[in-house]
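Next up, structure_23.csv (CSV, C-alpha atoms and all ligand atoms):
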```csv
chain,number,residue,atom,x,y,z
A,1,MET,CA,2.9,15.6,-17.9
A,2,LYS,CA,5.8,16.4,-15.5
A,3,GLN,CA,6.5,13.8,-12.9
A,4,LYS,CA,5.2,14.7,-9.5
A,5,GLY,CA,7.2,14.3,-6.2
A,6,LEU,CA,11.0,14.2,-6.1
A,7,PHE,CA,13.0,11.1,-6.8
A,8,ILE,CA,16.7,11.2,-5.7
A,9,THR,CA,19.1,8.2,-6.1
A,10,PHE,CA,22.5,7.5,-4.6
A,11,GLU,CA,25.0,5.5,-6.6
A,12,GLY,CA,28.6,4.3,-6.7
A,13,ILE,CA,30.8,1.3,-6.1
A,14,ASP,CA,30.5,-0.7,-2.9
A,15,GLY,CA,31.7,1.2,0.2
A,16,CYS,CA,31.8,4.6,-1.6
A,17,GLY,CA,29.7,6.2,1.1
A,18,LYS,CA,26.4,6.6,-0.7
A,19,SER,CA,24.3,5.2,2.2
A,20,THR,CA,26.1,7.7,4.5
A,21,GLN,CA,25.1,10.6,2.2
A,22,LEU,CA,21.6,9.2,1.9
A,23,LYS,CA,21.1,9.2,5.7
A,24,LEU,CA,22.5,12.8,6.0
A,25,THR,CA,20.1,13.8,3.2
A,26,SER,CA,17.2,12.2,5.0
A,27,ASN,CA,18.0,14.0,8.3
A,28,TYR,CA,18.4,17.3,6.5
A,29,LEU,CA,15.0,17.0,4.7
A,30,LYS,CA,13.3,15.9,8.0
A,31,LYS,CA,14.7,19.1,9.6
A,32,LEU,CA,13.1,21.1,6.8
A,33,GLY,CA,9.8,19.4,7.8
A,34,LEU,CA,9.7,17.0,4.8
A,35,ARG,CA,9.1,13.3,5.0
A,36,PRO,CA,11.3,11.4,2.6
A,37,GLU,CA,10.7,7.7,1.9
A,38,ILE,CA,13.9,5.6,2.0
A,39,LEU,CA,14.3,2.7,-0.3
A,40,ARG,CA,17.1,0.4,-1.5
A,41,GLU,CA,17.8,-1.6,-4.6
A,42,PRO,CA,17.6,-4.5,-5.0
A,43,GLY,CA,14.9,-4.7,-2.3
A,44,SER,CA,12.2,-2.8,-0.5
A,45,THR,CA,9.3,-5.0,-1.5
A,46,ILE,CA,8.7,-8.6,-0.3
A,47,LEU,CA,9.5,-10.1,-3.7
A,48,SER,CA,12.5,-7.7,-4.4
A,49,GLU,CA,14.0,-8.6,-1.0
A,50,LYS,CA,13.7,-12.3,-1.9
A,51,ILE,CA,15.4,-11.5,-5.2
A,52,ARG,CA,18.1,-9.6,-3.3
A,53,SER,CA,18.9,-12.5,-1.1
A,54,ILE,CA,19.4,-14.7,-4.2
A,55,LEU,CA,21.5,-12.0,-6.0
A,56,LEU,CA,23.9,-11.4,-3.0
A,57,ASN,CA,24.3,-15.1,-2.0
A,58,LYS,CA,27.9,-16.1,-2.7
A,59,ASN,CA,27.0,-19.8,-2.9
A,60,ILE,CA,24.6,-19.3,-5.9
A,61,LYS,CA,26.3,-19.1,-9.3
A,62,ILE,CA,24.3,-16.8,-11.6
A,63,ASN,CA,25.0,-16.2,-15.2
A,64,PRO,CA,25.3,-12.5,-16.3
A,65,ILE,CA,22.0,-12.5,-18.3
A,66,SER,CA,20.0,-14.1,-15.4
A,67,GLU,CA,21.7,-11.6,-13.1
A,68,LEU,CA,20.6,-8.7,-15.3
A,69,MET,CA,17.0,-10.0,-15.4
A,70,LEU,CA,16.8,-10.5,-11.7
A,71,TYR,CA,18.0,-6.9,-11.0
A,72,VAL,CA,15.5,-5.6,-13.5
A,73,ALA,CA,12.7,-7.8,-12.0
A,74,ALA,CA,13.4,-6.4,-8.5
A,75,ARG,CA,13.2,-2.9,-10.0
A,76,ALA,CA,9.9,-3.5,-11.8
A,77,GLU,CA,8.3,-4.6,-8.6
A,78,LEU,CA,9.6,-1.7,-6.6
A,79,VAL,CA,8.5,0.9,-9.2
A,80,GLU,CA,5.0,-0.7,-9.6
A,81,ASN,CA,4.3,-1.1,-5.9
A,82,THR,CA,6.2,1.7,-4.2
A,83,ILE,CA,8.0,4.3,-6.2
A,84,GLY,CA,5.2,5.0,-8.7
A,85,PRO,CA,2.4,5.4,-6.2
A,86,ALA,CA,4.6,7.5,-3.9
A,87,LEU,CA,5.7,9.9,-6.6
A,88,ASP,CA,2.1,10.2,-7.8
A,89,LYS,CA,1.2,11.4,-4.3
A,90,GLY,CA,4.0,14.0,-4.6
A,91,LYS,CA,6.4,12.3,-2.1
A,92,ILE,CA,10.1,12.6,-1.9
A,93,ILE,CA,12.0,9.3,-2.4
A,94,LEU,CA,15.6,8.6,-1.6
A,95,CYS,CA,16.8,5.4,-3.1
A,96,ASP,CA,20.1,3.6,-2.4
A,97,ARG,CA,21.0,2.5,-6.0
A,98,PHE,CA,18.7,2.4,-9.0
A,99,TYR,CA,19.0,1.8,-12.7
A,100,ASP,CA,22.5,3.4,-13.1
A,101,SER,CA,23.8,0.5,-11.0
A,102,THR,CA,22.5,-1.9,-13.7
A,103,THR,CA,24.3,0.1,-16.4
A,104,ALA,CA,27.5,0.3,-14.4
A,105,TYR,CA,27.6,-3.3,-13.0
A,106,GLN,CA,25.9,-5.4,-15.7
A,107,GLY,CA,26.7,-3.2,-18.6
A,108,PHE,CA,30.3,-1.9,-17.9
A,109,GLY,CA,31.2,-4.6,-15.3
A,110,ARG,CA,29.8,-7.7,-17.0
A,111,GLY,CA,30.1,-6.4,-20.5
A,112,LEU,CA,26.4,-6.8,-21.5
A,113,ASP,CA,25.0,-4.7,-24.3
A,114,ILE,CA,24.2,-1.2,-22.9
A,115,LYS,CA,21.4,-0.7,-25.5
A,116,VAL,CA,19.6,-3.8,-24.2
A,117,ILE,CA,20.1,-2.7,-20.6
A,118,ASN,CA,18.7,0.7,-21.4
A,119,LYS,CA,15.6,-0.9,-23.0
A,120,MET,CA,15.1,-3.3,-20.0
A,121,ASN,CA,15.5,-0.4,-17.6
A,122,ARG,CA,12.9,1.6,-19.5
A,123,LEU,CA,10.6,-1.4,-19.4
A,124,ALA,CA,11.0,-1.7,-15.6
A,125,VAL,CA,10.5,2.0,-14.7
A,126,GLY,CA,8.0,3.2,-17.3
A,127,LYS,CA,7.5,6.9,-16.8
A,128,TYR,CA,9.2,7.1,-13.4
A,129,LYS,CA,12.8,8.4,-13.5
A,130,PRO,CA,15.2,9.9,-11.0
A,131,ASN,CA,15.1,13.7,-10.9
A,132,LEU,CA,18.6,13.9,-9.3
A,133,THR,CA,21.3,11.3,-8.9
A,134,PHE,CA,24.5,11.5,-6.7
A,135,ILE,CA,27.3,9.3,-7.8
A,136,VAL,CA,30.0,9.0,-5.1
A,137,ASP,CA,33.3,8.2,-6.7
A,138,ILE,CA,36.1,6.2,-5.0
A,139,ASP,CA,38.8,3.9,-6.2
A,140,TYR,CA,38.9,0.2,-5.6
A,141,PRO,CA,41.6,0.2,-2.9
A,142,THR,CA,39.6,2.7,-0.9
A,143,SER,CA,36.5,0.6,-1.3
A,144,LEU,CA,38.4,-2.5,-0.1
A,145,ALA,CA,39.8,-0.6,2.9
A,146,ARG,CA,36.4,0.6,4.0
A,147,MET,CA,34.9,-2.8,3.7
A,148,LYS,CA,37.7,-4.3,5.8
A,149,LYS,CA,37.2,-1.6,8.4
A,150,MET,CA,33.5,-2.5,8.6
A,151,ASN,CA,34.4,-6.2,9.0
A,152,LYS,CA,31.8,-6.9,6.3
A,153,VAL,CA,31.8,-10.4,4.8
A,154,ALA,CA,32.0,-9.9,1.0
A,155,ASP,CA,28.7,-10.8,-0.8
A,156,ARG,CA,28.6,-12.3,-4.3
A,157,LEU,CA,29.1,-9.0,-6.1
A,158,GLU,CA,31.7,-7.7,-3.6
A,159,SER,CA,33.8,-10.8,-4.2
A,160,GLU,CA,34.4,-9.7,-7.8
A,161,SER,CA,37.9,-8.8,-9.1
A,162,LYS,CA,39.8,-5.5,-9.1
A,163,ALA,CA,39.4,-5.3,-12.9
A,164,PHE,CA,35.6,-5.7,-12.6
A,165,PHE,CA,35.3,-2.8,-10.1
A,166,ALA,CA,37.6,-0.6,-12.3
A,167,ARG,CA,35.1,-1.1,-15.2
A,168,VAL,CA,32.1,-0.4,-12.9
A,169,ARG,CA,33.7,2.7,-11.6
A,170,ASN,CA,34.4,3.9,-15.2
A,171,GLY,CA,30.8,3.1,-16.0
A,172,PHE,CA,29.6,5.4,-13.3
A,173,ILE,CA,31.9,8.2,-14.5
A,174,ASP,CA,30.6,7.7,-18.0
A,175,ILE,CA,27.0,7.8,-16.8
A,176,SER,CA,27.8,11.1,-15.1
A,177,ARG,CA,29.2,12.5,-18.3
A,178,GLN,CA,26.2,11.4,-20.4
A,179,ASN,CA,23.6,12.7,-17.9
A,180,LYS,CA,25.0,16.1,-16.8
A,181,LYS,CA,21.6,17.6,-16.0
A,182,ARG,CA,20.6,14.8,-13.7
A,183,VAL,CA,23.8,13.4,-12.2
A,184,VAL,CA,26.2,15.0,-9.8
A,185,LEU,CA,29.6,13.3,-9.5
A,186,LEU,CA,31.1,13.6,-6.0
A,187,ASN,CA,34.6,12.8,-4.8
A,188,GLY,CA,34.1,10.2,-2.2
A,189,LYS,CA,37.6,10.5,-0.8
A,190,LYS,CA,36.7,13.9,0.7
A,191,PRO,CA,35.5,14.0,4.3
A,192,ILE,CA,31.9,13.1,4.8
A,193,GLU,CA,30.8,16.6,5.8
A,194,LYS,CA,32.5,18.2,2.8
A,195,ILE,CA,30.7,15.8,0.4
A,196,PHE,CA,27.4,16.5,2.1
A,197,ASP,CA,28.0,20.3,1.7
A,198,GLU,CA,27.9,19.6,-2.1
A,199,VAL,CA,24.9,17.4,-1.7
A,200,LYS,CA,23.1,20.1,0.3
A,201,ASP,CA,23.8,22.8,-2.3
A,202,CYS,CA,22.2,20.6,-5.0
A,203,LEU,CA,19.2,19.8,-2.8
A,204,ASN,CA,18.7,23.4,-2.0
A,205,ARG,CA,18.7,24.3,-5.7
A,206,LYS,CA,16.2,21.5,-6.4
A,207,LEU,CA,14.0,22.5,-3.6
A,208,LYS,CA,14.5,26.2,-4.5
A,209,ILE,CA,15.8,27.1,-1.0
A,210,GLY,CA,18.4,29.7,-0.1
B,1,LIG,P1,28.0,2.4,0.8
B,1,LIG,O1,26.6,2.6,1.1
B,1,LIG,O2,28.4,3.1,-0.5
B,1,LIG,O3,28.4,0.9,0.7
B,1,LIG,P2,28.6,3.5,3.4
B,1,LIG,O4,27.9,4.8,3.4
B,1,LIG,O5,27.9,2.4,4.1
B,1,LIG,O6,28.9,3.0,1.9
B,1,LIG,O7,30.1,3.7,3.9
B,1,LIG,C1,31.0,2.6,4.0
B,1,LIG,C2,32.0,2.9,5.1
B,1,LIG,O8,32.8,4.0,4.8
B,1,LIG,C3,31.4,3.3,6.4
B,1,LIG,O9,32.2,2.8,7.5
B,1,LIG,C4,31.4,4.8,6.5
B,1,LIG,O10,31.4,5.3,7.7
B,1,LIG,C5,32.7,5.1,5.7
B,1,LIG,N1,32.6,6.4,5.0
B,1,LIG,C6,31.6,6.9,4.3
B,1,LIG,N2,31.9,8.0,3.6
B,1,LIG,C7,33.2,8.2,4.0
B,1,LIG,C8,34.1,9.3,3.6
B,1,LIG,N3,33.8,10.3,2.9
B,1,LIG,N4,35.4,9.2,4.1
B,1,LIG,C9,35.8,8.1,4.9
B,1,LIG,N5,34.9,7.1,5.3
B,1,LIG,C10,33.7,7.2,4.8
B,2,LIG,P1,24.4,-3.8,-1.4
B,2,LIG,O1,24.8,-4.6,-0.2
B,2,LIG,O2,23.2,-3.0,-1.4
B,2,LIG,O3,25.6,-2.9,-1.8
B,2,LIG,P2,26.0,-1.6,-1.2
B,2,LIG,O4,26.0,-1.8,0.3
B,2,LIG,O5,27.4,-1.3,-1.7
B,2,LIG,O6,25.1,-0.6,-1.7
B,2,LIG,O7,24.4,-4.8,-2.6
B,2,LIG,C1,23.9,-4.5,-3.8
B,2,LIG,C2,24.9,-5.1,-4.8
B,2,LIG,O8,24.2,-5.3,-6.1
B,2,LIG,C3,26.0,-4.2,-5.1
B,2,LIG,O9,27.2,-4.9,-5.1
B,2,LIG,C4,25.7,-3.6,-6.5
B,2,LIG,C5,24.9,-4.7,-7.1
B,2,LIG,N1,23.9,-4.2,-8.1
B,2,LIG,C6,24.0,-4.6,-9.4
B,2,LIG,O10,25.0,-5.3,-9.8
B,2,LIG,N2,23.1,-4.2,-10.3
B,2,LIG,C7,22.0,-3.4,-10.0
B,2,LIG,O11,21.2,-3.1,-10.8
B,2,LIG,C8,21.9,-3.0,-8.6
B,2,LIG,C9,20.7,-2.2,-8.1
B,2,LIG,C10,22.9,-3.4,-7.7
```

How does the structure come out when it is put into structure tokens?
Amino acid sequence: MKQKGLFITFEGIDGCGKSTQLKLTSNYLKKLGLRPEILREPGSTILSEKIRSILLNKNIKINPISELMLYVAARAELVENTIGPALDKGKIILCDRFYDSTTAYQGFGRGLDIKVINKMNRLAVGKYKPNLTFIVDIDYPTSLARMKKMNKVADRLESESKAFFARVRNGFIDISRQNKKRVVLLNGKKPIEKIFDEVKDCLNRKLKIG
């Protein structure tokens, strides 16, 4: 049976501008009289937020396999408790990151087996999958410059090397190529409004507006 509701995810390396596009999307949908639910990964449930605080803590050393399992555990909780029930009710969900981040960061970034990651992701999400995914693409120097501008103290993941982020970025580009029907790759170096014009076009097509 076709999945009810609409599940939209926003992805890309840190500082790419996905939260900005998510917020604009939420405002746009609200103006249309819709009531999107906003979530983030890892997080958005009591347990997943606790897992998030472990994952992002720079003082906790985590091996790549444990890291993968913790991200997947946070996802399983969120899908079971929030995403699944909301979609079953026909709601619209906007999620800041989802399983493509695991493929990009733990798969391409850490070098873990993509087939294993796909299996674990499937286990965590069951029948619930994003209908539409926006990947905002920027290079590492742009990411660093934006973080610096925000005066953000780098968390555990953000403290990774240039080479790590180059692999993660390539991972996201690869995901966009492998999932052409679901994923829209956006040039994150364009002005915010120009990027959102593209997002809006895709949304309108999905919602069959215009
Ligand atoms: P993310 O959620 O991907 O980490 P944010 O949306 O929080 O990124 O954006 C990170 C920073 O970059 C913010 O200061 C934001 O205002 C800025 N920003 C977002 N999109 C753009 C853009 N297209 N061009 C320039 N700056 C941007
Ligand atoms: P967050 O502060 O939400 O990053 P951002 O503000 O850039 O969205 O931190 C989430 C971090 O976790 C981010 O560096 C990406 C990473 N991550 C993974 O490595 N694997 C995953 O499956 C997910 C969901 C996130």

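Excluding Ser159 in chain A itself and same-chain residues fewer than 2 positions from it, the residues having an atom within 12 Å of it are Asp14, Leu56, Asn57, Lys58, Asn59, Leu144, Met147, Lys152, Val153, Ala154, Asp155, Arg156, Leu157, Ser161, Lys162, Ala163, Phe164 and Phe165 of chain A, counting only C-alpha atoms.
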
Within 6 Å of ligand LIG 2 (chain B), counting all atoms listed in the file, residues as a list in words: Asp14, Gly15, Glu41, Pro42, Tyr71, Arg97, Phe98, Tyr99, Ser101, Thr102, Tyr105, Gln106, Leu157 and Glu158 of chain A

Within 6 Å of ligand LIG 1 (chain B) (only C-alpha atoms and all ligand atoms), residues as a list in words: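 Using only C-alpha atoms and all ligand atoms, I find these residues within 6 Å of ligand LIG 1 (chain B): Asp14, Gly15, Cys16, Gly17, Lys18, Ser19, Thr20, Arg146, Met150, Gly188, Lys189, Lys190, Pro191 and Ile192 of chain A.
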
Computed interatomic separation between CA of Thr142 in chain A and CA of Asp197 in chain A (Å): 21.2 Å

All residues 8 Å or closer to Arg182 in chain A, all atoms listed in the file, same chain fewer than 6 positions away omitted, as a ChimeraX atom specification: /A:130-133

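Distance check against Asp137 in chain A using only C-alpha atoms: of A:Ala124, A:Leu47, A:Leu112, A:Ile175, the minimum falls on A:Ile175.
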
Selected residue of minimal separation from Tyr128 in chain A among A:Leu185, A:Ile83, A:Val199, A:Ile60, counting only C-alpha atoms: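 Smallest distance to Tyr128 in chain A is found for A:Ile83.
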
One-decimal distance in Å that lies between CA of Phe134 in chain A and CA of Lys180 in chain A: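 Computed distance, CA of Lys180 in chain A to CA of Phe134 in chain A, equals 11.1 Å.
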